[in-house]
>>> print(open('upload27.cif').read())   # mmCIF, C-alpha atoms
data_run
#
loop_
_atom_site.label_atom_id
_atom_site.label_comp_id
_atom_site.auth_asym_id
_atom_site.auth_seq_id
_atom_site.Cartn_x
_atom_site.Cartn_y
_atom_site.Cartn_z
CA MET A 1 -25.06 0.94 -11.11
CA CYS A 2 -22.25 3.32 -12.04
CA SER A 3 -22.54 6.66 -13.77
CA VAL A 4 -21.95 6.79 -17.53
CA PRO A 5 -19.33 9.18 -18.97
CA GLU A 6 -20.63 11.80 -21.38
CA THR A 7 -17.96 11.07 -23.99
CA PRO A 8 -18.02 9.36 -27.39
CA ILE A 9 -15.76 6.57 -26.12
CA ARG A 10 -16.80 5.06 -22.80
CA LEU A 11 -14.43 2.52 -21.23
CA PHE A 12 -15.28 0.14 -18.39
CA VAL A 13 -12.44 -1.65 -16.52
CA GLY A 14 -12.89 -4.46 -13.98
CA PRO A 15 -13.31 -6.38 -11.78
CA ALA A 16 -9.89 -6.93 -10.12
CA ASN A 17 -8.33 -3.51 -9.45
CA PHE A 18 -5.20 -5.14 -8.02
CA ALA A 19 -3.02 -2.43 -6.42
CA ALA A 20 -5.52 0.13 -7.80
CA GLN A 21 -4.39 -0.61 -11.34
CA GLY A 22 -7.91 -0.73 -12.76
CA PHE A 23 -8.63 2.67 -11.24
CA ARG A 24 -5.30 4.16 -12.38
CA LEU A 25 -5.68 2.76 -15.88
CA ALA A 26 -9.14 4.29 -16.15
CA ARG A 27 -7.71 7.67 -15.15
CA ALA A 28 -4.89 7.22 -17.67
CA ALA A 29 -7.40 6.45 -20.44
CA GLU A 30 -9.19 9.70 -19.70
CA ARG A 31 -6.09 11.55 -20.87
CA ILE A 32 -7.15 10.54 -24.40
CA ASP A 33 -9.42 13.04 -26.12
CA GLY A 34 -13.01 11.86 -26.19
CA VAL A 35 -12.57 9.06 -23.65
CA GLY A 36 -14.37 8.66 -20.34
CA ALA A 37 -13.71 5.68 -18.08
CA VAL A 38 -15.11 3.86 -15.06
CA ASN A 39 -13.52 1.04 -13.08
CA MET A 40 -15.05 -1.60 -10.86
CA GLN A 41 -13.64 -3.61 -7.98
CA ARG A 42 -15.21 -6.63 -6.35
CA ILE A 43 -14.67 -6.28 -2.60
CA LEU A 44 -13.16 -9.46 -1.20
CA GLN A 45 -12.06 -8.32 2.24
CA ARG A 46 -12.64 -5.25 4.37
CA GLY A 47 -9.64 -2.97 4.80
CA TYR A 48 -7.81 -4.16 1.68
CA ASN A 49 -9.63 -2.23 -1.00
CA PHE A 50 -8.10 0.37 -3.27
CA PRO A 51 -9.70 3.47 -4.78
CA ALA A 52 -12.39 2.49 -7.27
CA ASP A 53 -15.27 4.16 -9.11
CA LEU A 54 -17.60 1.24 -8.35
CA GLN A 55 -17.17 -1.21 -5.48
CA VAL A 56 -19.27 -4.36 -5.39
CA PRO A 57 -19.33 -6.71 -2.39
CA GLN A 58 -18.30 -10.26 -3.23
CA ARG A 59 -21.61 -11.69 -2.08
CA VAL A 60 -23.47 -9.44 -4.53
CA TYR A 61 -21.01 -10.00 -7.35
CA LYS A 62 -21.10 -13.77 -6.93
CA HIS A 63 -24.66 -14.55 -5.83
CA SER A 64 -27.09 -11.78 -6.82
CA LEU A 65 -28.66 -12.75 -10.15
CA ARG A 66 -30.62 -9.51 -10.10
CA TRP A 67 -27.44 -7.40 -9.83
CA GLN A 68 -25.64 -9.53 -12.43
CA ARG A 69 -28.43 -9.06 -14.98
CA LYS A 70 -28.74 -5.32 -14.34
CA HIS A 71 -24.97 -4.90 -14.46
CA PHE A 72 -24.69 -6.65 -17.81
CA GLU A 73 -27.52 -4.58 -19.30
CA HIS A 74 -26.04 -1.37 -17.95
CA ILE A 75 -22.50 -2.01 -19.23
CA SER A 76 -23.45 -3.50 -22.58
CA ARG A 77 -25.87 -0.67 -23.42
CA ASN A 78 -23.85 2.29 -22.12
CA PHE A 79 -20.17 1.54 -22.68
CA THR A 80 -18.29 1.22 -25.96
CA HIS A 81 -15.21 -0.61 -24.64
CA VAL A 82 -14.41 -3.04 -21.82
CA ILE A 83 -11.04 -4.09 -20.39
CA LEU A 84 -11.53 -7.31 -18.48
CA GLU A 85 -8.93 -7.88 -15.77
CA ALA A 86 -7.21 -11.10 -14.69
CA GLU A 87 -9.53 -13.29 -16.81
CA LEU A 88 -12.21 -12.84 -14.13
CA PRO A 89 -15.90 -12.65 -15.05
CA LEU A 90 -17.22 -9.12 -15.05
CA PHE A 91 -20.79 -10.20 -14.33
CA GLY A 92 -20.26 -12.79 -11.60
CA GLY A 93 -22.12 -15.97 -12.41
CA PHE A 94 -24.53 -14.48 -14.96
CA PHE A 95 -22.89 -16.44 -17.80
CA GLY A 96 -21.96 -19.33 -15.55
CA GLY A 97 -18.65 -17.62 -14.83
CA ASP A 98 -17.65 -18.19 -18.46
CA VAL A 99 -15.50 -15.21 -19.45
CA VAL A 100 -15.50 -16.13 -23.14
CA ALA A 101 -19.32 -16.22 -23.13
CA GLU A 102 -19.31 -12.77 -21.50
CA ILE A 103 -17.05 -11.43 -24.21
CA ALA A 104 -19.28 -12.88 -26.94
CA ALA A 105 -22.36 -11.30 -25.34
CA LEU A 106 -20.64 -7.91 -25.09
CA ARG A 107 -19.49 -8.09 -28.70
CA ALA A 108 -23.03 -8.94 -29.77
CA ARG A 109 -24.05 -5.58 -28.28
CA GLY A 110 -21.26 -3.80 -30.19
CA VAL A 111 -18.81 -3.51 -27.27
CA SER A 112 -15.08 -3.88 -27.99
CA VAL A 113 -13.22 -6.03 -25.46
CA ALA A 114 -9.57 -6.36 -24.41
CA LEU A 115 -8.02 -8.43 -21.62
CA LEU A 116 -5.50 -7.31 -19.01
CA SER A 117 -3.31 -9.70 -17.01
CA HIS A 118 -1.51 -8.57 -13.87
CA GLY A 119 0.74 -11.45 -12.75
CA THR A 120 -0.25 -14.65 -10.98
CA ASP A 121 -3.35 -14.93 -13.16
CA LEU A 122 -1.13 -15.68 -16.19
CA ARG A 123 2.36 -16.53 -14.92
CA GLY A 124 2.71 -20.25 -15.59
CA PRO A 125 4.53 -22.06 -12.76
CA ASP A 126 6.25 -24.60 -15.02
CA LEU A 127 7.59 -22.06 -17.51
CA HIS A 128 8.76 -19.79 -14.70
CA ALA A 129 10.45 -22.67 -12.87
CA SER A 130 12.33 -23.57 -16.05
CA ARG A 131 13.64 -20.02 -16.38
CA ASP A 132 15.22 -19.58 -12.96
CA PRO A 133 16.41 -21.97 -10.22
CA ALA A 134 15.34 -19.31 -7.71
CA SER A 135 11.72 -19.48 -8.89
CA PRO A 136 9.27 -20.16 -6.06
CA PHE A 137 7.68 -22.73 -8.37
CA ASN A 138 10.74 -24.94 -7.89
CA ASP A 139 9.66 -25.47 -4.27
CA GLN A 140 8.51 -29.07 -4.65
CA GLY A 141 5.27 -29.82 -2.87
CA HIS A 142 4.24 -26.23 -2.16
CA PRO A 143 0.43 -26.30 -2.03
CA GLU A 144 0.01 -23.15 -4.12
CA ILE A 145 1.78 -24.51 -7.19
CA ALA A 146 -0.96 -26.95 -8.24
CA ARG A 147 -3.64 -24.30 -7.75
CA LEU A 148 -1.75 -21.69 -9.77
CA ARG A 149 -1.02 -24.22 -12.50
CA ALA A 150 -4.77 -24.88 -12.83
CA VAL A 151 -5.63 -21.17 -12.76
CA THR A 152 -3.08 -20.14 -15.36
CA THR A 153 -3.94 -23.07 -17.65
CA ARG A 154 -7.58 -22.04 -17.57
CA ASN A 155 -6.70 -18.40 -18.16
CA ARG A 156 -4.50 -19.16 -21.14
CA SER A 157 -7.45 -21.03 -22.61
CA VAL A 158 -9.60 -17.92 -22.07
CA LEU A 159 -7.05 -15.73 -23.87
CA ALA A 160 -6.80 -18.17 -26.76
CA ARG A 161 -10.56 -18.53 -27.22
CA ALA A 162 -11.34 -14.84 -26.70
CA ALA A 163 -9.17 -13.73 -29.64
CA ALA A 164 -9.02 -10.23 -28.15
CA PRO A 165 -6.17 -7.77 -27.58
CA VAL A 166 -4.15 -8.72 -24.50
CA PHE A 167 -2.23 -6.31 -22.27
CA VAL A 168 0.11 -7.29 -19.41
CA THR A 169 1.28 -5.02 -16.61
CA THR A 170 4.54 -6.84 -15.81
CA PRO A 171 7.03 -7.47 -18.63
CA ASP A 172 7.86 -11.04 -17.58
CA LEU A 173 4.36 -12.08 -18.67
CA LEU A 174 5.38 -11.56 -22.29
CA MET A 175 7.06 -14.97 -21.99
CA ASP A 176 3.71 -16.49 -21.00
CA TRP A 177 1.77 -14.71 -23.76
CA PRO A 178 4.13 -13.40 -26.47
CA ALA A 179 1.29 -11.78 -28.43
CA ALA A 180 0.51 -9.47 -25.50
CA GLU A 181 1.56 -5.84 -25.20
CA TRP A 182 3.24 -4.52 -22.07
CA ILE A 183 1.32 -1.60 -20.62
CA PRO A 184 3.23 -0.06 -17.69
CA VAL A 185 1.59 0.02 -14.27
CA VAL A 186 0.28 3.47 -13.40
CA ILE A 187 0.72 5.44 -10.19
CA ASP A 188 0.27 9.05 -9.12
CA PRO A 189 3.88 10.24 -8.73
CA GLU A 190 2.87 13.24 -6.61
CA LEU A 191 1.33 10.97 -4.00
CA TRP A 192 4.75 9.38 -3.42
CA HIS A 193 6.99 12.43 -3.89
CA THR A 194 9.13 13.61 -1.00
CA ASP A 195 12.08 15.95 -0.62
CA LYS A 196 13.44 13.88 2.24
CA PRO A 197 16.95 12.67 1.27
CA VAL A 198 18.21 9.11 1.48
CA LEU A 199 21.26 7.61 3.18
CA GLN A 200 21.78 10.44 5.63
CA ALA A 201 21.73 8.29 8.77
CA ALA A 202 24.61 6.08 9.89
CA ARG A 203 22.30 3.06 9.66
CA PRO A 204 20.19 3.11 6.48
CA ARG A 205 16.57 2.16 7.05
CA VAL A 206 15.66 -0.91 4.98
CA VAL A 207 12.01 -1.92 4.52
CA HIS A 208 10.35 -4.91 2.90
CA ALA A 209 6.57 -5.07 2.42
CA PRO A 210 5.74 -8.40 0.78
CA THR A 211 2.16 -8.90 -0.37
CA ASN A 212 3.04 -12.58 -0.85
CA PRO A 213 6.15 -13.57 1.17
CA TRP A 214 6.55 -16.90 -0.64
CA ILE A 215 6.56 -15.29 -4.08
CA LYS A 216 8.76 -12.41 -2.94
CA GLY A 217 11.34 -14.64 -1.23
CA SER A 218 10.90 -13.02 2.17
CA GLU A 219 11.74 -16.12 4.20
CA LEU A 220 15.00 -16.53 2.28
CA ILE A 221 16.32 -13.03 3.00
CA GLU A 222 14.92 -12.45 6.49
CA PRO A 223 17.70 -14.18 8.51
CA MET A 224 20.40 -12.18 6.76
CA LEU A 225 18.50 -8.91 7.20
CA ARG A 226 17.99 -9.57 10.90
CA ARG A 227 21.70 -10.30 11.26
CA LEU A 228 22.71 -7.05 9.53
CA HIS A 229 20.25 -5.24 11.79
CA GLU A 230 21.81 -6.77 14.89
CA GLU A 231 25.31 -5.91 13.62
CA GLY A 232 24.27 -2.26 13.35
CA ILE A 233 24.77 -2.14 9.57
CA ILE A 234 21.13 -1.40 8.75
CA GLU A 235 17.88 -0.67 10.52
CA TYR A 236 15.50 -3.29 9.16
CA GLN A 237 11.72 -3.51 9.28
CA GLN A 238 9.40 -5.97 7.58
CA LEU A 239 6.00 -4.40 6.98
CA VAL A 240 2.91 -6.54 7.38
CA ASP A 241 -0.71 -5.55 6.68
CA ILE A 242 0.03 -1.84 6.31
CA PRO A 243 -3.00 0.01 4.85
CA ALA A 244 -2.35 1.32 1.35
CA ASP A 245 -2.92 4.94 2.35
CA GLU A 246 -0.10 4.70 4.93
CA MET A 247 2.53 3.40 2.51
CA PRO A 248 3.70 6.80 1.16
CA ALA A 249 4.75 7.85 4.67
CA VAL A 250 6.48 4.48 5.16
CA TYR A 251 8.56 4.92 2.02
CA HIS A 252 9.31 8.55 2.84
CA GLY A 253 10.94 7.31 6.03
CA ALA A 254 12.98 4.58 4.33
CA ASP A 255 16.31 4.59 2.53
CA ILE A 256 16.20 1.21 0.80
CA VAL A 257 13.12 -0.72 -0.34
CA LEU A 258 13.48 -4.43 -1.04
CA GLU A 259 10.95 -5.61 -3.63
CA GLN A 260 11.24 -9.31 -4.57
CA PHE A 261 13.99 -11.87 -5.15
CA ARG A 262 12.28 -14.85 -6.78
CA ILE A 263 9.89 -13.72 -9.49
CA GLY A 264 12.15 -11.80 -11.90
CA THR A 265 10.10 -8.68 -12.53
CA TYR A 266 9.17 -5.35 -10.95
CA SER A 267 5.72 -4.33 -9.81
CA VAL A 268 3.76 -1.44 -8.32
CA THR A 269 5.75 -1.69 -5.07
CA ALA A 270 9.00 -0.91 -6.85
CA VAL A 271 7.46 1.90 -8.90
CA GLU A 272 6.04 3.60 -5.81
CA ALA A 273 9.40 3.40 -4.02
CA LEU A 274 11.22 4.78 -7.08
CA ALA A 275 8.75 7.67 -7.19
CA ALA A 276 9.65 8.43 -3.57
CA GLY A 277 13.33 8.63 -4.54
CA ARG A 278 14.23 5.54 -2.56
CA ILE A 279 16.87 2.95 -3.47
CA VAL A 280 15.01 -0.08 -4.83
CA VAL A 281 16.61 -3.53 -4.90
CA ALA A 282 15.11 -6.57 -6.64
CA HIS A 283 15.91 -9.56 -8.83
CA LEU A 284 14.94 -8.96 -12.46
CA PHE A 285 15.27 -11.30 -15.43
CA ASP A 286 17.66 -9.97 -18.05
CA ASP A 287 14.92 -9.98 -20.70
CA VAL A 288 12.60 -7.99 -18.42
CA ARG A 289 15.19 -5.29 -17.92
CA ALA A 290 16.06 -5.31 -21.63
CA HIS A 291 12.43 -5.07 -22.73
CA VAL A 292 11.74 -2.09 -20.48
CA GLU A 293 14.91 -0.29 -21.52
CA ASN A 294 14.27 -0.92 -25.22
CA ALA A 295 10.66 0.22 -24.92
CA VAL A 296 11.28 3.43 -22.99
CA GLY A 297 14.81 4.31 -24.07
CA ARG A 298 16.33 4.60 -20.63
CA GLU A 299 17.81 2.43 -17.90
CA LEU A 300 15.52 0.87 -15.32
CA PRO A 301 16.86 2.21 -11.99
CA VAL A 302 16.21 -0.93 -9.94
CA ILE A 303 19.40 -2.35 -8.44
CA GLU A 304 19.86 -6.03 -9.24
CA ALA A 305 20.36 -8.55 -6.44
CA THR A 306 19.52 -12.18 -5.83
CA VAL A 307 18.98 -13.94 -2.54
CA GLU A 308 22.66 -14.90 -2.63
CA THR A 309 24.02 -11.43 -3.52
CA LEU A 310 21.66 -9.22 -1.49
CA GLU A 311 23.92 -8.99 1.57
CA ALA A 312 26.89 -7.84 -0.51
CA THR A 313 24.66 -5.34 -2.32
CA LEU A 314 23.38 -3.84 0.92
CA ARG A 315 26.90 -3.57 2.34
CA GLU A 316 28.01 -1.84 -0.86
CA VAL A 317 25.18 0.70 -0.61
CA CYS A 318 26.00 1.39 3.03
CA SER A 319 29.71 1.86 2.28
CA ASP A 320 29.25 4.26 -0.66
CA PRO A 321 26.29 6.53 0.13
CA VAL A 322 27.33 9.34 -2.22
CA ARG A 323 27.20 7.08 -5.25
CA PHE A 324 23.83 5.58 -4.33
CA VAL A 325 22.22 8.91 -3.44
CA LYS A 326 22.83 9.85 -7.06
CA HIS A 327 21.31 6.55 -8.18
CA ALA A 328 18.17 7.10 -6.08
CA ALA A 329 17.68 10.55 -7.59
CA VAL A 330 17.00 8.97 -10.99
CA GLY A 331 13.91 7.11 -9.78
CA PRO A 332 11.33 9.92 -9.71
CA ASP A 333 12.15 11.04 -13.26
CA PHE A 334 11.89 7.46 -14.52
CA VAL A 335 8.47 7.05 -12.93
CA ARG A 336 7.18 10.35 -14.29
CA GLU A 337 8.26 9.34 -17.79
CA VAL A 338 7.15 5.70 -17.76
CA HIS A 339 4.54 5.14 -15.04
CA ASP A 340 2.47 8.32 -14.63
CA GLY A 341 -0.18 7.10 -17.10
CA ARG A 342 0.80 8.97 -20.26
CA ARG A 343 2.66 6.05 -21.82
CA SER A 344 -0.08 3.61 -20.80
CA ALA A 345 -2.73 5.87 -22.32
CA ALA A 346 -0.79 6.06 -25.58
CA LEU A 347 -0.69 2.25 -25.72
CA LEU A 348 -4.47 2.09 -25.21
CA GLU A 349 -5.24 4.45 -28.09
CA ALA A 350 -5.18 1.79 -30.82
CA PHE A 351 -7.71 -0.31 -28.90
CA LEU A 352 -9.97 2.60 -27.99
CA HIS A 353 -9.95 4.17 -31.44
#
>>> encode(input="upload27.cif", output="structure tokens")
Amino acid sequence: MCSVPETPIRLFVGPANFAAQGFRLARAAERIDGVGAVNMQRILQRGYNFPADLQVPQRVYKHSLRWQRKHFEHISRNFTHVILEAELPLFGGFFGGDVVAEIAALRARGVSVALLSHGTDLRGPDLHASRDPASPFNDQGHPEIARLRAVTTRNRSVLARAAAPVFVTTPDLLMDWPAAEWIPVVIDPELWHTDKPVLQAARPRVVHAPTNPWIKGSELIEPMLRRLHEEGIIEYQQLVDIPADEMPAVYHGADIVLEQFRIGTYSVTAVEALAAGRIVVAHLFDDVRAHVENAVGRELPVIEATVETLEATLREVCSDPVRFVKHAAVGPDFVREVHDGRRSAALLEAFLH
């Protein structure tokens, strides 16, 4: 079992911790006076785990009735608030995997509950496909579409029946659940900071680190990137299975970071690269960009490009380095203002108090 904060308000976050967001959100919450926080991550695969206060192996989480019972008793008796991530059960199969039953049991013990969606757990394939011809969900017959349709349908039912506050970490999800509140992803800007300048070499170094190549559009941009590499325009590298703790050094050595070109939003990858002062290129929906800029009062410094326009965008960056060096310099300030945890903590205050 985890330790219990010695504060009046005690927040527990889990069990997903995608891209360390459960851990970072817990640290952000602790910026609020009187709040202590603990996060949990179920460990699905060795080598792909992020920092977490409590790590639970999948076999224990899923199969140990003894752990499930003790975990429920510990959380429900010692914590005042729970943020449940990705509509996943916090107590494995203790309530038959029924998230709504978990929430009811926690509320019966006086615990306040909110839900936090990160992306594919809520992003409906059919709605997304209707918004953009470039959507990966327009790929007829792709085996993942039916699975994601079932997952997101179930999860929307959980949100509807839970009748709890809902937060989303990517602004595009506001289309899937309009009653939600966008809470910016949180990173540690100092971890990604570097004084190394961009666009100093004759061939800018371009990197792409897709966690899900199909969603990110990797296969659609790869041939063009390889061709520009062979022409000597850029130095291109696709990054596969790089440990999370090595990524700051990777970005410090890059000039341009390509995020995604099919999903219409920006994620932790883009935020980390902006914090490193790199040039970040991605495809964003107009309403995503507008929502962020209206919410924070400043321009989102991610350069827009689609699969079709990416080559021209890269050639433009390479031909006008002075202009784009100035653009890259905006990134770290944007991240410190929007994604260092202060804004996310402020948005949590109403729920926690």
>>> closest_residue(input="upload27.cif", among="A:Gly119, A:Gly341, A:Gly36, A:Pro189", to="Thr169 of chain A", atoms="only C-alpha atoms")
A:Gly119
>>> resolve_selection(input="upload27.cif", expression="the PyMOL selection byres ((chain A and resi 277-281) around 6)", output="list in words")
Asp255, Ile256, Val257, Leu258, Ala273, Leu274, Ala275, Ala276, Ala282, Val302, Ile303, Glu304, Ala328, Ala329, Gly331 and Pro332 of chain A
>>> write_last_selection(input="upload27.cif", atoms="C-alpha atoms", output="mmCIF file, in the frame of the given file")
data_model
loop_
_atom_site.group_PDB
_atom_site.id
_atom_site.type_symbol
_atom_site.label_atom_id
_atom_site.label_comp_id
_atom_site.auth_asym_id
_atom_site.auth_seq_id
_atom_site.Cartn_x
_atom_site.Cartn_y
_atom_site.Cartn_z
ATOM 1 C CA ASP A 255 16.310 4.590 2.530
ATOM 2 C CA ILE A 256 16.200 1.210 0.800
ATOM 3 C CA VAL A 257 13.120 -0.720 -0.340
ATOM 4 C CA LEU A 258 13.480 -4.430 -1.040
ATOM 5 C CA ALA A 273 9.400 3.400 -4.020
ATOM 6 C CA LEU A 274 11.220 4.780 -7.080
ATOM 7 C CA ALA A 275 8.750 7.670 -7.190
ATOM 8 C CA ALA A 276 9.650 8.430 -3.570
ATOM 9 C CA ALA A 282 15.110 -6.570 -6.640
ATOM 10 C CA VAL A 302 16.210 -0.930 -9.940
ATOM 11 C CA ILE A 303 19.400 -2.350 -8.440
ATOM 12 C CA GLU A 304 19.860 -6.030 -9.240
ATOM 13 C CA ALA A 328 18.170 7.100 -6.080
ATOM 14 C CA ALA A 329 17.680 10.550 -7.590
ATOM 15 C CA GLY A 331 13.910 7.110 -9.780
ATOM 16 C CA PRO A 332 11.330 9.920 -9.710
#
>>> residues_around(input="upload27.cif", residues="Pro165 of chain A", least_positions_apart="3", cutoff="9 Å", atoms="all atoms listed in the file", output="number ranges by chain")
A: 113-116, 159, 162, 179-181, 351
>>> closest_residue(input="upload27.cif", among="A:Gln260, A:Thr80, A:Asn294, A:Gln41", to="Pro57 of chain A", atoms="only C-alpha atoms")
A:Gln41
>>> resolve_selection(input="upload27.cif", expression="the PyMOL selection byres ((chain A and resi 187) around 9)", output="JSON, numbers by chain")
{"A": [20, 21, 24, 25, 185, 186, 188, 189, 190, 191, 192, 268, 271, 272, 275, 335, 339, 340, 341]}
>>> closest_residue(input="upload27.cif", among="A:Val38, A:Pro197, A:Gly93, A:Ala19", to="Ser64 of chain A", atoms="all atoms listed in the file")
A:Gly93
>>> closest_atom_pairs(input="upload27.cif", of="segment 227-304 of chain A", to="segment 213-217 of chain A", cutoff="9 Å", atoms="all atoms listed in the file", output="tab-separated table")
residue	atom	partner	partner_atom	distance
A:Glu259	CA	A:Lys216	CA	7.2
A:Gln260	CA	A:Lys216	CA	4.3
A:Phe261	CA	A:Gly217	CA	5.5
A:Arg262	CA	A:Gly217	CA	5.6
A:Ile263	CA	A:Ile215	CA	6.5
>>> write_last_selection(input="upload27.cif", atoms="C-alpha atoms", output="PDB file, in the coordinates of the input")
ATOM      1  CA  GLU A 259      10.950  -5.610  -3.630  1.00  0.00           C
ATOM      2  CA  GLN A 260      11.240  -9.310  -4.570  1.00  0.00           C
ATOM      3  CA  PHE A 261      13.990 -11.870  -5.150  1.00  0.00           C
ATOM      4  CA  ARG A 262      12.280 -14.850  -6.780  1.00  0.00           C
ATOM      5  CA  ILE A 263       9.890 -13.720  -9.490  1.00  0.00           C
TER       6      ILE A 263
END
>>> resolve_selection(input="upload27.cif", expression="the PyMOL selection byres ((chain A and resi 118) around 9)", output="list in words")
Phe18, Gln21, Glu85, Ala86, Leu116, Ser117, Gly119, Thr120, Asp121, Leu122, Arg123, Phe167, Val168, Thr169, Thr170 and Leu173 of chain A
>>> atom_distance(input="upload27.cif", atom1="atom CA of Gln238 of chain A", atom2="atom CA of Ile221 of chain A")
10.9 Å
>>> residues_near_point(input="upload27.cif", point="(-17.1, -9.1, -12.7)", cutoff="10 Å", atoms="all atoms listed in the file", output="list in words")
Val13, Gly14, Pro15, Ala16, Met40, Gln41, Arg42, Val56, Gln58, Tyr61, Lys62, Gln68, His71, Phe72, Leu84, Glu85, Glu87, Leu88, Pro89, Leu90, Phe91, Gly92, Gly93, Phe94, Gly97, Val99 and Glu102 of chain A
>>> atom_distance(input="upload27.cif", atom1="atom CA of Pro321 of chain A", atom2="atom CA of Leu199 of chain A")
6.0 Å
>>> atom_distance(input="upload27.cif", atom1="atom CA of Asp126 of chain A", atom2="atom CA of Ala150 of chain A")
11.2 Å
>>> residues_around(input="upload27.cif", residues="Ala202 of chain A", least_positions_apart="5", cutoff="12 Å", atoms="all atoms listed in the file", output="number ranges by chain")
A: 232-235, 255, 317-321
>>> write_last_selection(input="upload27.cif", atoms="C-alpha atoms", output="PDB file, in the frame of the given file")
ATOM      1  CA  GLY A 232      24.270  -2.260  13.350  1.00  0.00           C
ATOM      2  CA  ILE A 233      24.770  -2.140   9.570  1.00  0.00           C
ATOM      3  CA  ILE A 234      21.130  -1.400   8.750  1.00  0.00           C
ATOM      4  CA  GLU A 235      17.880  -0.670  10.520  1.00  0.00           C
ATOM      5  CA  ASP A 255      16.310   4.590   2.530  1.00  0.00           C
ATOM      6  CA  VAL A 317      25.180   0.700  -0.610  1.00  0.00           C
ATOM      7  CA  CYS A 318      26.000   1.390   3.030  1.00  0.00           C
ATOM      8  CA  SER A 319      29.710   1.860   2.280  1.00  0.00           C
ATOM      9  CA  ASP A 320      29.250   4.260  -0.660  1.00  0.00           C
ATOM     10  CA  PRO A 321      26.290   6.530   0.130  1.00  0.00           C
TER      11      PRO A 321
END
>>> closest_residue(input="upload27.cif", among="A:Asp53, A:Asp176, A:Asp33, A:Glu316", to="Arg156 of chain A", atoms="only C-alpha atoms")
A:Asp176
>>> residues_around(input="upload27.cif", residues="Leu225 of chain A", least_positions_apart="6", cutoff="12 Å", atoms="all atoms listed in the file", output="list in words")
Arg205, Val206, Val207, His208, Ser218, Glu219, Glu231, Gly232, Ile233, Ile234, Glu235, Tyr236, Gln237, Gln238, Leu258, Val307, Leu310, Glu311, Ala312, Thr313, Leu314 and Arg315 of chain A
>>> write_last_selection(input="upload27.cif", atoms="C-alpha atoms", output="CSV table (one decimal), keeping the file's coordinate frame")
chain,number,residue,atom,x,y,z
A,205,ARG,CA,16.6,2.2,7.0
A,206,VAL,CA,15.7,-0.9,5.0
A,207,VAL,CA,12.0,-1.9,4.5
A,208,HIS,CA,10.4,-4.9,2.9
A,218,SER,CA,10.9,-13.0,2.2
A,219,GLU,CA,11.7,-16.1,4.2
A,231,GLU,CA,25.3,-5.9,13.6
A,232,GLY,CA,24.3,-2.3,13.4
A,233,ILE,CA,24.8,-2.1,9.6
A,234,ILE,CA,21.1,-1.4,8.8
A,235,GLU,CA,17.9,-0.7,10.5
A,236,TYR,CA,15.5,-3.3,9.2
A,237,GLN,CA,11.7,-3.5,9.3
A,238,GLN,CA,9.4,-6.0,7.6
A,258,LEU,CA,13.5,-4.4,-1.0
A,307,VAL,CA,19.0,-13.9,-2.5
A,310,LEU,CA,21.7,-9.2,-1.5
A,311,GLU,CA,23.9,-9.0,1.6
A,312,ALA,CA,26.9,-7.8,-0.5
A,313,THR,CA,24.7,-5.3,-2.3
A,314,LEU,CA,23.4,-3.8,0.9
A,315,ARG,CA,26.9,-3.6,2.3
>>> closest_residue(input="upload27.cif", among="A:Leu65, A:Ala37, A:Ile183, A:Ala290", to="Glu6 of chain A", atoms="all atoms listed in the file")
A:Ala37
>>> closest_residue(input="upload27.cif", among="A:Arg154, A:His327, A:His128, A:Arg77", to="Ala105 of chain A", atoms="all atoms listed in the file")
A:Arg77
